[in-house]
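Notes follow once the structure below has been shown.
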Amino acid sequence: MLTSLQTILLAALLVVLMAGMGASLTGENFREVLRRPRGPLIGLLSQYGWMPLIAYGLCRALGLPDDLAISLIVVGCTPGGTTSNLFTYFAGADVALSVSMTTLSTIAAVVLMPLTLYIYASGYASAALKIPYGNITTTLALMLVPLGIGMFVRARAPGAARVVERIGGLAGVGVLALLIGTGLYNNSELLRATTGTMYAAALGLGVLGFGFGWLGARAAGLPSPQRRAVAFETGIQNSPLALGILIASFPGEQQARMLWLPLLYALLVLISASVLTLGFRLARRAG
């Protein structure tokens, strides 16, 4: 699906994205987790409890073929991203909790993502479609390096960190734009071949994640602003990272189909998150 030059460009954008994410984090975020661990831990349980299970349930209920099932489960097992922090802010929810959850889920991904992938995706693997757990773990570990660099810049030069953070956000948009543009240009038949089942899987992962995340936070007794933060953190995954993992882990002939469903998710989750944000804002005004 991607040429060598495009693959290198994608890797560079992912590194910049993770550096930008690191530049948004401070030592205070980690201290906040230690001081008040209940909210972040509930978010972590939602992230790696609900989302992989929801992805697996959708694969079974919709009868997705093996390659699409694995790609959807990869998205479901991915940590949260900075987009959830943005929607949490717009919805008037607990931004500090959202950032803490993103921090915790990203670091924990090195262990928890391969583990949840093994639990939920191994049944879809075959001789022709192997899941390279070692490659996935290595990719995740390597992504922690630019994350750490971004945090170092934030600690030493806050002004420069704000620039890195903005560039990182643009890099995330660049990842999606590159893959969508390349996919449509080189594989226009993918759009025509997109079925209602694929749309349902991509939309359902985010929407059900929002719902189960909110319900889980409510059952745990978290207040309303924190319930909204957990909902966004659960439903919105780090799509560029998921796409990068798929590209780094699977051969080119399998990539075209496997990347399309995560791209659909990335587009549809932004729409559904916008609708949810509007709903939360209206509910706050009514209350």
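Each chain in the structure tokens gets a letter, A, B and so on, in the order shown; residues start at 1 in every chain, and ligands are counted from 1 in the order they appear.
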Would you give me, as CSV, each residue of stretch 73-192 of chain A having an atom within 7 Å of an atom of stretch 247-263 of chain A, along with its shortest atom pair and that distance in Å to one decimal, using only C-alpha atoms and sorting by chain and residue number?
```
residue,atom,partner,partner_atom,distance
A:Val75,CA,A:Pro262,CA,6.5
A:Pro132,CA,A:Ser249,CA,6.2
A:Asn135,CA,A:Ser249,CA,5.8
A:Ile136,CA,A:Ser249,CA,6.4
```
Would you save the residues of that selection, restricted to N, CA and C atoms, as a PDB file, in the first residue's frame?
```
ATOM      1  N   VAL A  75      -6.842  -1.839  17.018  1.00  0.00           N
ATOM      2  CA  VAL A  75      -7.325  -0.514  17.426  1.00  0.00           C
ATOM      3  C   VAL A  75      -7.892  -0.578  18.841  1.00  0.00           C
ATOM      4  N   PRO A 132       2.685 -10.794  14.663  1.00  0.00           N
ATOM      5  CA  PRO A 132       4.067 -10.698  15.160  1.00  0.00           C
ATOM      6  C   PRO A 132       4.131  -9.922  16.477  1.00  0.00           C
ATOM      7  N   ASN A 135       7.321  -7.858  17.106  1.00  0.00           N
ATOM      8  CA  ASN A 135       7.403  -6.596  16.368  1.00  0.00           C
ATOM      9  C   ASN A 135       6.525  -5.526  17.006  1.00  0.00           C
ATOM     10  N   ILE A 136       5.339  -5.931  17.437  1.00  0.00           N
ATOM     11  CA  ILE A 136       4.414  -4.971  18.045  1.00  0.00           C
ATOM     12  C   ILE A 136       4.989  -4.423  19.343  1.00  0.00           C
TER      13      ILE A 136
END
```
Closest atom pairs, residues of stretch 149-239 of chain A within 12 Å of stretch 95-117 of chain A, only C-alpha atoms, as CSV:
```
residue,atom,partner,partner_atom,distance
A:Met151,CA,A:Thr103,CA,11.0
A:Leu222,CA,A:Leu97,CA,11.3
A:Pro223,CA,A:Leu97,CA,11.8
A:Pro225,CA,A:Val95,CA,8.8
A:Gln226,CA,A:Leu97,CA,7.0
A:Arg227,CA,A:Leu97,CA,10.0
A:Arg228,CA,A:Ser98,CA,9.3
A:Ala229,CA,A:Ser98,CA,5.5
A:Val230,CA,A:Ser98,CA,7.0
A:Ala231,CA,A:Ser98,CA,9.7
A:Phe232,CA,A:Ser98,CA,8.2
A:Glu233,CA,A:Ser98,CA,6.5
A:Thr234,CA,A:Met101,CA,9.5
A:Ile236,CA,A:Thr102,CA,10.4
A:Gln237,CA,A:Thr102,CA,9.7
A:Asn238,CA,A:Thr106,CA,9.1
```
Grab the residues selected above and save them as a compact mmCIF listing (two decimals), in the first residue's frame with C-alpha atoms.
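Saved file part39.txt follows:
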```
# COMPACT_ATOMS: atom_id res chain seq x y z
CA MET A 151 8.81 15.12 28.32
CA LEU A 222 -16.86 8.83 39.92
CA PRO A 223 -18.43 12.32 39.69
CA PRO A 225 -16.83 15.47 35.07
CA GLN A 226 -14.69 12.37 35.61
CA ARG A 227 -17.31 10.07 34.04
CA ARG A 228 -17.19 12.19 30.89
CA ALA A 229 -13.38 12.11 30.86
CA VAL A 230 -13.34 8.30 31.19
CA ALA A 231 -15.91 8.03 28.39
CA PHE A 232 -13.74 9.97 25.96
CA GLU A 233 -10.53 8.25 27.04
CA THR A 234 -12.14 4.84 26.56
CA ILE A 236 -10.99 7.46 21.47
CA GLN A 237 -7.90 5.39 20.69
CA ASN A 238 -4.51 6.52 19.42
```
Distance query A:Tyr120 at most 12 Å, only C-alpha atoms, self and fewer than 3 positions along chain excluded, as number ranges by chain = A: 48-60, 66, 69-77, 113-117, 123-125, 131
All helix (DSSP H, G or I) positions in stretch 49-207 of chain A, as a PyMOL selection string = chain A and resi 49-62+66-77+82-90+95-124+133-156+158-186+189-193+196-207
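Taking atom CA of A:Glu165 and atom CA of A:Val15 as endpoints, the distance between them is 12.1 Å.
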Pairwise distance for atom CA of A:Ser239 and atom CA of A:Gly80, rounded to one decimal in Å | 8.6 Å
Using only C-alpha atoms, which residue out of A:Gly22, A:Pro79, A:Gly204, A:Gly39 lies closest to A:Leu140?
->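 Going through A:Gly22, A:Pro79, A:Gly204, A:Gly39 one by one, the smallest distance to A:Leu140 is for A:Pro79.
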Using only C-alpha atoms, find each residue in stretch 19-119 of chain A having at least one atom no more than 8 Å away from stretch 264-287 of chain A; report its shortest atom-to-atom pair and that distance in Å (one decimal), rows by chain then rising number, as CSV.
```
residue,atom,partner,partner_atom,distance
A:Phe87,CA,A:Thr277,CA,6.8
A:Thr88,CA,A:Thr277,CA,8.0
A:Phe90,CA,A:Thr277,CA,6.8
A:Ala91,CA,A:Thr277,CA,5.0
A:Gly92,CA,A:Arg281,CA,7.3
```
Please write the residues from the selection above to a file, keeping C-alpha atoms, as a tab-separated table (two decimals), in the first residue's frame.
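That gives us again-v9.tsv:
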```
chain	number	residue	atom	x	y	z
A	87	PHE	CA	-12.65	16.53	23.51
A	88	THR	CA	-12.58	16.28	27.32
A	90	PHE	CA	-14.45	20.96	24.99
A	91	ALA	CA	-17.00	18.95	26.98
A	92	GLY	CA	-16.08	20.69	30.24
```
Which residue gives the smallest distance to A:Leu144 among A:Leu68, A:Leu170, A:Met18, A:Ala12, with only C-alpha atoms counted?
->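 Smallest separation from A:Leu144 among the options: A:Met18.
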Please provide as a ChimeraX atom specification all residues within 12 Å of stretch 166-169 of chain A, with the sequence filter that same-chain residues fewer than 5 positions apart are discarded (counting only C-alpha atoms).
-> /A:12-24,81-83,85-86,146-147,150,159-161,174-176,238,240
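Here atom CA of A:Leu215 stands at a distance of 9.9 Å from atom CA of A:Ser46.
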